[in-house]
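Engineer: Below you'll find model_15.cif; it's mmCIF, C-alpha atoms.
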data_my_file
#
loop_
_atom_site.group_PDB
_atom_site.id
_atom_site.type_symbol
_atom_site.label_atom_id
_atom_site.label_comp_id
_atom_site.auth_asym_id
_atom_site.auth_seq_id
_atom_site.Cartn_x
_atom_site.Cartn_y
_atom_site.Cartn_z
ATOM 1 C CA GLN A 190 17.735 -5.278 7.502
ATOM 2 C CA LYS A 191 14.391 -4.158 6.071
ATOM 3 C CA GLU A 192 11.600 -3.415 8.559
ATOM 4 C CA VAL A 193 9.303 -5.852 6.757
ATOM 5 C CA GLU A 194 10.508 -8.863 4.782
ATOM 6 C CA GLN A 195 8.339 -10.792 2.372
ATOM 7 C CA ASP A 196 9.253 -13.550 -0.079
ATOM 8 C CA PRO A 197 8.575 -12.165 -3.575
ATOM 9 C CA GLY A 198 7.622 -15.515 -5.082
ATOM 10 C CA PRO A 199 6.150 -16.203 -7.499
ATOM 11 C CA LEU A 200 4.182 -18.906 -5.732
ATOM 12 C CA SER A 201 2.347 -21.219 -8.134
ATOM 13 C CA VAL A 202 -0.313 -23.603 -6.800
ATOM 14 C CA PRO A 203 -3.126 -25.687 -8.303
ATOM 15 C CA GLU A 204 -6.729 -24.618 -7.852
ATOM 16 C CA GLY A 205 -8.124 -25.815 -4.532
ATOM 17 C CA ALA A 206 -4.778 -25.765 -2.707
ATOM 18 C CA ILE A 207 -4.207 -24.140 0.667
ATOM 19 C CA VAL A 208 -1.881 -21.171 0.298
ATOM 20 C CA SER A 209 0.357 -19.778 3.023
ATOM 21 C CA LEU A 210 1.810 -16.286 2.607
ATOM 22 C CA ASN A 211 4.212 -14.940 5.202
ATOM 23 C CA CYS A 212 6.057 -11.853 6.387
ATOM 24 C CA THR A 213 8.516 -11.065 9.131
ATOM 25 C CA TYR A 214 8.947 -7.659 10.749
ATOM 26 C CA SER A 215 11.414 -6.049 13.121
ATOM 27 C CA ASN A 216 9.513 -3.287 14.986
ATOM 28 C CA SER A 217 7.964 -4.697 18.160
ATOM 29 C CA ALA A 218 5.744 -1.583 18.468
ATOM 30 C CA PHE A 219 3.558 -2.680 15.554
ATOM 31 C CA GLN A 220 0.005 -3.513 16.648
ATOM 32 C CA TYR A 221 -1.924 -3.566 13.365
ATOM 33 C CA PHE A 222 -1.172 -6.123 10.685
ATOM 34 C CA MET A 223 -2.823 -5.446 7.345
ATOM 35 C CA TRP A 224 -3.027 -7.575 4.228
ATOM 36 C CA TYR A 225 -3.578 -5.995 0.836
ATOM 37 C CA ARG A 226 -4.293 -7.706 -2.473
ATOM 38 C CA GLN A 227 -3.128 -6.074 -5.690
ATOM 39 C CA TYR A 228 -4.194 -7.232 -9.117
ATOM 40 C CA SER A 229 -1.955 -6.446 -12.065
ATOM 41 C CA ARG A 230 -1.986 -2.737 -12.978
ATOM 42 C CA LYS A 231 -4.461 -1.898 -10.182
ATOM 43 C CA GLY A 232 -4.231 -0.198 -6.813
ATOM 44 C CA PRO A 233 -3.861 -2.267 -3.622
ATOM 45 C CA GLU A 234 -7.134 -3.178 -1.932
ATOM 46 C CA LEU A 235 -7.462 -3.917 1.764
ATOM 47 C CA LEU A 236 -8.182 -7.613 2.258
ATOM 48 C CA MET A 237 -8.251 -7.934 6.036
ATOM 49 C CA TYR A 238 -6.258 -7.134 9.140
ATOM 50 C CA THR A 239 -5.614 -8.233 12.697
ATOM 51 C CA TYR A 240 -4.948 -6.193 15.785
ATOM 52 C CA SER A 241 -2.245 -7.413 18.176
ATOM 53 C CA SER A 242 -1.738 -11.181 18.264
ATOM 54 C CA GLY A 243 -4.080 -13.937 17.247
ATOM 55 C CA ASN A 244 -6.153 -15.069 14.317
ATOM 56 C CA LYS A 245 -8.892 -13.537 12.222
ATOM 57 C CA GLU A 246 -10.998 -15.401 9.712
ATOM 58 C CA ASP A 247 -12.982 -13.992 6.790
ATOM 59 C CA GLY A 248 -14.448 -16.570 4.460
ATOM 60 C CA ARG A 249 -11.602 -18.485 2.830
ATOM 61 C CA PHE A 250 -8.983 -16.139 4.284
ATOM 62 C CA THR A 251 -7.306 -16.390 7.704
ATOM 63 C CA ALA A 252 -4.800 -13.848 9.018
ATOM 64 C CA GLN A 253 -2.489 -14.847 11.843
ATOM 65 C CA VAL A 254 0.049 -12.907 13.882
ATOM 66 C CA ASP A 255 2.713 -14.243 16.234
ATOM 67 C CA LYS A 256 4.181 -11.189 17.944
ATOM 68 C CA SER A 257 6.703 -13.234 19.922
ATOM 69 C CA SER A 258 8.428 -14.265 16.699
ATOM 70 C CA LYS A 259 7.367 -11.168 14.697
ATOM 71 C CA TYR A 260 5.756 -13.379 12.072
ATOM 72 C CA ILE A 261 2.636 -12.580 10.030
ATOM 73 C CA SER A 262 0.727 -15.130 7.939
ATOM 74 C CA LEU A 263 -2.180 -15.145 5.517
ATOM 75 C CA PHE A 264 -3.812 -18.470 4.662
ATOM 76 C CA ILE A 265 -6.102 -18.949 1.700
ATOM 77 C CA ARG A 266 -8.256 -22.094 1.663
ATOM 78 C CA ASP A 267 -9.689 -23.613 -1.516
ATOM 79 C CA SER A 268 -7.674 -21.204 -3.651
ATOM 80 C CA GLN A 269 -9.255 -20.001 -6.888
ATOM 81 C CA PRO A 270 -7.727 -18.635 -10.116
ATOM 82 C CA SER A 271 -9.311 -15.294 -9.176
ATOM 83 C CA ASP A 272 -6.977 -15.230 -6.148
ATOM 84 C CA SER A 273 -4.014 -14.802 -8.520
ATOM 85 C CA ALA A 274 -2.551 -11.453 -7.485
ATOM 86 C CA THR A 275 0.246 -9.918 -5.444
ATOM 87 C CA TYR A 276 -0.310 -9.961 -1.686
ATOM 88 C CA LEU A 277 1.298 -7.265 0.433
ATOM 89 C CA CYS A 278 1.629 -7.363 4.195
ATOM 90 C CA ALA A 279 1.680 -3.989 5.943
ATOM 91 C CA PRO A 280 2.178 -3.679 9.676
ATOM 92 C CA GLY A 281 1.703 -0.405 11.509
ATOM 93 C CA GLY A 282 0.767 1.033 14.858
ATOM 94 C CA ASP A 283 3.801 2.821 16.210
ATOM 95 C CA SER A 284 1.613 5.926 16.808
ATOM 96 C CA SER A 285 2.410 7.472 13.428
ATOM 97 C CA TYR A 286 -0.595 5.977 11.556
ATOM 98 C CA LYS A 287 1.807 4.953 8.824
ATOM 99 C CA LEU A 288 2.002 1.475 7.357
ATOM 100 C CA ILE A 289 5.241 -0.218 6.351
ATOM 101 C CA PHE A 290 4.683 -2.367 3.280
ATOM 102 C CA GLY A 291 6.419 -5.589 2.386
ATOM 103 C CA SER A 292 7.551 -5.969 -1.203
ATOM 104 C CA GLY A 293 4.680 -8.370 -1.949
ATOM 105 C CA THR A 294 4.354 -12.055 -2.863
ATOM 106 C CA ARG A 295 3.032 -12.858 -6.327
ATOM 107 C CA LEU A 296 0.551 -15.759 -6.256
ATOM 108 C CA LEU A 297 -0.573 -17.730 -9.297
ATOM 109 C CA VAL A 298 -3.427 -20.228 -8.911
ATOM 110 C CA ARG A 299 -3.511 -22.614 -11.858
ATOM 111 C CA PRO A 300 -6.929 -23.908 -13.043
ATOM 112 C CA ASN B 2 -18.845 7.072 -3.709
ATOM 113 C CA ALA B 3 -15.819 7.188 -6.013
ATOM 114 C CA GLY B 4 -13.388 6.514 -3.137
ATOM 115 C CA VAL B 5 -9.889 7.738 -4.038
ATOM 116 C CA THR B 6 -9.375 9.148 -7.521
ATOM 117 C CA GLN B 7 -6.092 10.041 -9.208
ATOM 118 C CA THR B 8 -5.271 11.989 -12.352
ATOM 119 C CA PRO B 9 -3.700 11.481 -14.772
ATOM 120 C CA LYS B 10 -3.607 7.696 -15.252
ATOM 121 C CA PHE B 11 -0.512 7.809 -17.460
ATOM 122 C CA GLN B 12 2.142 10.430 -18.099
ATOM 123 C CA VAL B 13 5.404 10.612 -20.019
ATOM 124 C CA LEU B 14 7.806 13.417 -19.150
ATOM 125 C CA LYS B 15 11.190 14.461 -20.400
ATOM 126 C CA THR B 16 14.007 14.947 -17.896
ATOM 127 C CA GLY B 17 13.719 18.375 -16.288
ATOM 128 C CA GLN B 18 10.005 18.845 -16.927
ATOM 129 C CA SER B 19 7.602 19.433 -14.054
ATOM 130 C CA MET B 20 4.165 18.084 -13.331
ATOM 131 C CA THR B 21 1.574 17.707 -10.594
ATOM 132 C CA LEU B 22 -0.234 14.495 -9.741
ATOM 133 C CA GLN B 23 -3.705 15.040 -8.369
ATOM 134 C CA CYS B 24 -5.519 12.974 -5.737
ATOM 135 C CA ALA B 25 -8.979 13.398 -4.248
ATOM 136 C CA GLN B 26 -11.049 11.339 -1.798
ATOM 137 C CA ASP B 27 -14.746 11.554 -0.985
ATOM 138 C CA MET B 28 -14.737 9.453 2.203
ATOM 139 C CA ASN B 29 -14.227 12.400 4.586
ATOM 140 C CA HIS B 30 -10.865 10.954 5.615
ATOM 141 C CA ASN B 31 -8.426 13.106 7.547
ATOM 142 C CA SER B 32 -5.141 11.495 6.521
ATOM 143 C CA MET B 33 -3.746 11.149 3.012
ATOM 144 C CA TYR B 34 -0.587 9.545 1.648
ATOM 145 C CA TRP B 35 1.551 9.423 -1.497
ATOM 146 C CA TYR B 36 3.509 6.256 -2.311
ATOM 147 C CA ARG B 37 5.648 5.100 -5.165
ATOM 148 C CA GLN B 38 5.849 1.462 -6.225
ATOM 149 C CA ASP B 39 8.854 0.040 -8.039
ATOM 150 C CA PRO B 40 9.507 -3.616 -8.976
ATOM 151 C CA GLY B 41 10.856 -5.553 -5.994
ATOM 152 C CA MET B 42 10.639 -2.504 -3.707
ATOM 153 C CA GLY B 43 7.048 -2.615 -2.547
ATOM 154 C CA LEU B 44 5.257 0.609 -1.675
ATOM 155 C CA ARG B 45 7.454 3.380 -0.330
ATOM 156 C CA LEU B 46 5.988 6.417 1.383
ATOM 157 C CA ILE B 47 6.912 9.754 -0.208
ATOM 158 C CA TYR B 48 4.874 12.242 1.859
ATOM 159 C CA TYR B 49 1.807 12.106 4.032
ATOM 160 C CA SER B 50 -0.675 14.512 5.542
ATOM 161 C CA ALA B 51 -2.102 13.499 8.900
ATOM 162 C CA SER B 52 -4.740 16.223 8.714
ATOM 163 C CA GLU B 53 -5.696 19.271 6.664
ATOM 164 C CA GLY B 54 -2.944 21.855 6.921
ATOM 165 C CA THR B 55 -0.128 19.450 7.836
ATOM 166 C CA THR B 56 2.350 17.512 5.703
ATOM 167 C CA ASP B 57 5.330 15.344 6.647
ATOM 168 C CA LYS B 58 8.119 13.583 4.828
ATOM 169 C CA GLY B 59 8.049 9.852 4.364
ATOM 170 C CA GLU B 60 10.812 7.454 3.415
ATOM 171 C CA VAL B 61 11.682 8.878 -0.039
ATOM 172 C CA PRO B 62 10.746 12.619 -0.199
ATOM 173 C CA ASN B 63 13.684 13.958 -2.233
ATOM 174 C CA GLY B 64 12.622 15.488 -5.553
ATOM 175 C CA TYR B 65 8.966 15.856 -4.535
ATOM 176 C CA ASN B 66 6.712 18.457 -2.964
ATOM 177 C CA VAL B 67 3.134 18.132 -1.765
ATOM 178 C CA SER B 68 0.171 20.355 -1.076
ATOM 179 C CA ARG B 69 -2.852 19.477 1.049
ATOM 180 C CA LEU B 70 -5.247 21.761 -0.751
ATOM 181 C CA ASN B 71 -8.235 20.980 1.482
ATOM 182 C CA LYS B 72 -9.585 17.942 3.302
ATOM 183 C CA ARG B 73 -10.398 16.161 0.028
ATOM 184 C CA GLU B 74 -7.344 16.885 -2.114
ATOM 185 C CA PHE B 75 -3.639 16.101 -1.809
ATOM 186 C CA SER B 76 -1.319 16.819 -4.740
ATOM 187 C CA LEU B 77 2.225 15.642 -5.474
ATOM 188 C CA ARG B 78 4.569 17.821 -7.532
ATOM 189 C CA LEU B 79 7.729 16.894 -9.372
ATOM 190 C CA GLU B 80 9.611 20.143 -9.970
ATOM 191 C CA SER B 81 12.345 18.750 -12.233
ATOM 192 C CA ALA B 82 11.648 15.169 -13.239
ATOM 193 C CA ALA B 83 14.483 12.634 -13.366
ATOM 194 C CA PRO B 84 14.551 9.115 -14.872
ATOM 195 C CA SER B 85 14.845 7.731 -11.317
ATOM 196 C CA GLN B 86 11.304 9.009 -10.714
ATOM 197 C CA THR B 87 9.885 6.609 -13.294
ATOM 198 C CA SER B 88 7.422 4.638 -11.191
ATOM 199 C CA VAL B 89 3.795 3.971 -10.387
ATOM 200 C CA TYR B 90 2.412 6.509 -7.912
ATOM 201 C CA PHE B 91 -0.433 5.704 -5.550
ATOM 202 C CA CYS B 92 -2.452 7.975 -3.338
ATOM 203 C CA ALA B 93 -4.217 6.602 -0.250
ATOM 204 C CA SER B 94 -6.405 7.935 2.539
ATOM 205 C CA THR B 95 -7.606 6.864 5.961
ATOM 206 C CA ARG B 96 -9.463 8.145 9.011
ATOM 207 C CA THR B 97 -7.119 9.532 11.656
ATOM 208 C CA ASP B 98 -7.856 6.842 14.204
ATOM 209 C CA ASN B 99 -7.179 3.676 12.251
ATOM 210 C CA TYR B 100 -4.841 2.099 9.768
ATOM 211 C CA GLU B 101 -7.305 1.100 7.021
ATOM 212 C CA GLN B 102 -5.747 2.850 4.073
ATOM 213 C CA TYR B 103 -7.735 2.958 0.829
ATOM 214 C CA PHE B 104 -5.862 3.378 -2.411
ATOM 215 C CA GLY B 105 -6.488 5.066 -5.721
ATOM 216 C CA PRO B 106 -5.895 3.377 -9.091
ATOM 217 C CA GLY B 107 -2.416 4.834 -9.563
ATOM 218 C CA THR B 108 -0.544 7.040 -12.025
ATOM 219 C CA ARG B 109 2.058 5.409 -14.274
ATOM 220 C CA LEU B 110 4.847 7.931 -14.843
ATOM 221 C CA THR B 111 7.732 7.496 -17.263
ATOM 222 C CA VAL B 112 10.583 10.005 -17.339
ATOM 223 C CA THR B 113 12.837 9.789 -20.398
#
Could you quickly redo this structure as C-alpha cells?

Structural biologist:
Amino acid sequence: QKEVEQDPGPLSVPEGAIVSLNCTYSNSAFQYFMWYRQYSRKGPELLMYTYSSGNKEDGRFTAQVDKSSKYISLFIRDSQPSDSATYLCAPGGDSSYKLIFGSGTRLLVRP
Amino acid sequence: NAGVTQTPKFQVLKTGQSMTLQCAQDMNHNSMYWYRQDPGMGLRLIYYSASEGTTDKGEVPNGYNVSRLNKREFSLRLESAAPSQTSVYFCASTRTDNYEQYFGPGTRLTVT
C-alpha cells in the first residue's frame, strides 16, 4: 500500500462547477497537509495547507482534513478554465520535514 | 527574488554519460530537496539536505549523488546515466521549521 493514494483522474467538469479532489494516507503521524497545483510542463506551486484536522479557506479553495479517517480533501468553488492543472496532495510532519506526494489528479475545467 | 532556479532546462544524454544538475535558491532557506517526477508516480524524493553540510538519502537514491555546495546551492550528479533515469527533475527548498516547499521549474532529462 502506498503511503499516499490519489485518484489520477482525469476529472472533467464544466466551468462554474464545484470540484472535490481527495487523497487518503496511511501514516497517522502526519500533521501538515499540503496541496500543490502543477500546470503542464511547470514546477509544482504551493496552493494552501492545513495543520492537524479541520478546514482552511482561501478564496474559492477550501482544504479539509479528517485525521480519524486519514482523508484529505480540496474543494474548488466556481471552477474556472484557469484551474485546469494537476493537483498534488502532500502530507508531512513526522519530524523529518519531508513531504510525501500523491501521484496527482488531473483536472480539466471546460469553458 | 528569483526563488528556486535550475539549470539546464533540458538535457539529452547517452547511456553511460555523466552530468550535474544545478539548483540555487535565494530565499535563505536551510533545507533543499531533489525529486524526480515520472508519469503516474508523482514526485519521488531522491536526496535532501536538511541544512548546509548535511545530505540524506530519500526514496530513490540509487544512481545519484548530491553536493550541498553552500546554503544557496544543491547539485545532483548522475555518474553513469541509464535510460531508467529519463525523467523530470525538480529541486525544492524550505525553511527548517516548516513544510512549505518551493519548487524550481524543473529539468527534463532524456537518456538514450

Engineer: Taking all atoms listed in the file into account, find every residue of chain B that has an atom no more than 10 Å from chain A, and write it out as a compact mmCIF listing (two decimals) with C-alpha atoms, keeping the file's coordinate frame.

Structural biologist:
# COMPACT_ATOMS: atom_id res chain seq x y z
CA SER B 32 -5.14 11.50 6.52
CA TYR B 34 -0.59 9.54 1.65
CA GLN B 38 5.85 1.46 -6.22
CA ASP B 39 8.85 0.04 -8.04
CA PRO B 40 9.51 -3.62 -8.98
CA GLY B 41 10.86 -5.55 -5.99
CA MET B 42 10.64 -2.50 -3.71
CA GLY B 43 7.05 -2.62 -2.55
CA LEU B 44 5.26 0.61 -1.68
CA ARG B 45 7.45 3.38 -0.33
CA LEU B 46 5.99 6.42 1.38
CA TYR B 49 1.81 12.11 4.03
CA ALA B 51 -2.10 13.50 8.90
CA GLY B 59 8.05 9.85 4.36
CA GLU B 60 10.81 7.45 3.42
CA VAL B 89 3.80 3.97 -10.39
CA TYR B 90 2.41 6.51 -7.91
CA PHE B 91 -0.43 5.70 -5.55
CA CYS B 92 -2.45 7.98 -3.34
CA ALA B 93 -4.22 6.60 -0.25
CA THR B 95 -7.61 6.86 5.96
CA ARG B 96 -9.46 8.14 9.01
CA THR B 97 -7.12 9.53 11.66
CA ASP B 98 -7.86 6.84 14.20
CA ASN B 99 -7.18 3.68 12.25
CA TYR B 100 -4.84 2.10 9.77
CA GLU B 101 -7.30 1.10 7.02
CA GLN B 102 -5.75 2.85 4.07
CA TYR B 103 -7.74 2.96 0.83
CA PHE B 104 -5.86 3.38 -2.41
CA GLY B 105 -6.49 5.07 -5.72
CA PRO B 106 -5.90 3.38 -9.09
CA GLY B 107 -2.42 4.83 -9.56
CA THR B 108 -0.54 7.04 -12.02
CA ARG B 109 2.06 5.41 -14.27

Engineer: What is the atom CA of A:Lys259-atom CA of B:Ser50 distance in Å, reported with one decimal?

Structural biologist: 28.4 Å

Engineer: Counting only C-alpha atoms, what is within 8 Å of B:Gly4, bar same-chain residues fewer than 2 positions away, as a list in words?

Structural biologist: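 Everything that qualifies: Asn2, Thr6, Gln26, Asp27, Met28, Tyr103 and Gly105 of chain B.
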
Engineer: Could you please determine the separation between atom CA of B:Lys58 and atom CA of B:Cys24 in Å, to one decimal place?

Structural biologist: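 Taking atom CA of B:Lys58 and atom CA of B:Cys24, their separation equals 17.3 Å.
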
Engineer: Nearest residue to B:Glu53 out of B:His30, B:Lys10, B:Arg78, B:Lys72, using all atoms listed in the file?

Structural biologist: B:Lys72

Engineer: Given the point (6.9, -20.9, -12.2) in the coordinates of this file, which residues lie within 12 Å, counting only C-alpha atoms, and how would they look as a list in words?

Structural biologist: Gly198, Pro199, Leu200, Ser201, Val202, Pro203, Arg295, Leu296, Leu297, Val298 and Arg299 of chain A

Engineer: Pick out the residues sitting within 7 Å of A:Asn244, and hand them over as a list in words; count all atoms listed in the file, and ignore anything fewer than 2 positions along from it in its own chain.

Structural biologist: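 Here the answer would be Glu246, Thr251, Ala252, Gln253 and Val254 of chain A.
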
Engineer: To one decimal in Å, tell me the separation between atom CA of A:Ser241 and atom CA of A:Gln220.

Structural biologist: 4.8 Å

Engineer: Choose the residue, out of B:Val13, B:Ala83, B:Leu110, B:Ile47, that has the smallest atom-to-atom separation from B:Met33; count all atoms listed in the file.

Structural biologist: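 When distances to B:Met33 are compared using all atoms listed in the file, the smallest one comes from B:Ile47.
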
Engineer: Residues within 8 Å of (-10.9, -23.1, -1.9), file coordinates, counting only C-alpha atoms: what are they? Give the list as a ChimeraX atom specification.

Structural biologist: /A:204-207,249,265-269

Engineer: I would like the residues chosen by the PyMOL selection byres ((chain A and resi 217) around 8) on the shown file; could you give them as number ranges by chain?

Structural biologist: A: 215-216, 218-219, 256, 259

Engineer: Neighbours of B:Ser85 within 10 Å (all atoms listed in the file; same-chain residues fewer than 6 positions away dropped), as a VMD selection string?

Structural biologist: chain B and resid 16 64 111 to 113

Engineer: Which is closer to B:Tyr65 than all the others in B:Leu22, B:Ser88, B:Ser52, B:Leu79, using only C-alpha atoms?

Structural biologist: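 Ranked by minimum distance to B:Tyr65, first place goes to B:Leu79.
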
Engineer: Using all atoms listed in the file, determine which residues lie at most 6 Å from B:Ser19, disregarding the query and same-chain residues fewer than 5 positions distant; provide the list as number ranges by chain.

Structural biologist: B: 79-82

Engineer: Starting from the displayed file, determine the output of the PyMOL selection byres ((chain A and resi 212) around 7) and express the residue list as a short mmCIF file (atom, residue, chain, number, x, y, z; two decimals) with C-alpha atoms, in the frame of the given file.

Structural biologist:
data_model
loop_
_atom_site.label_atom_id
_atom_site.label_comp_id
_atom_site.auth_asym_id
_atom_site.auth_seq_id
_atom_site.Cartn_x
_atom_site.Cartn_y
_atom_site.Cartn_z
CA VAL A 193 9.30 -5.85 6.76
CA GLU A 194 10.51 -8.86 4.78
CA GLN A 195 8.34 -10.79 2.37
CA ASN A 211 4.21 -14.94 5.20
CA THR A 213 8.52 -11.06 9.13
CA TYR A 214 8.95 -7.66 10.75
CA TYR A 260 5.76 -13.38 12.07
CA ILE A 261 2.64 -12.58 10.03
CA SER A 262 0.73 -15.13 7.94
CA CYS A 278 1.63 -7.36 4.20
#

Engineer: I'd like to know which of B:Pro62, B:Pro84, B:Gly54, B:Gly17 is closest to B:Tyr36, using all atoms listed in the file.

Structural biologist: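 That would be B:Pro62, the residue with the smallest distance to B:Tyr36.
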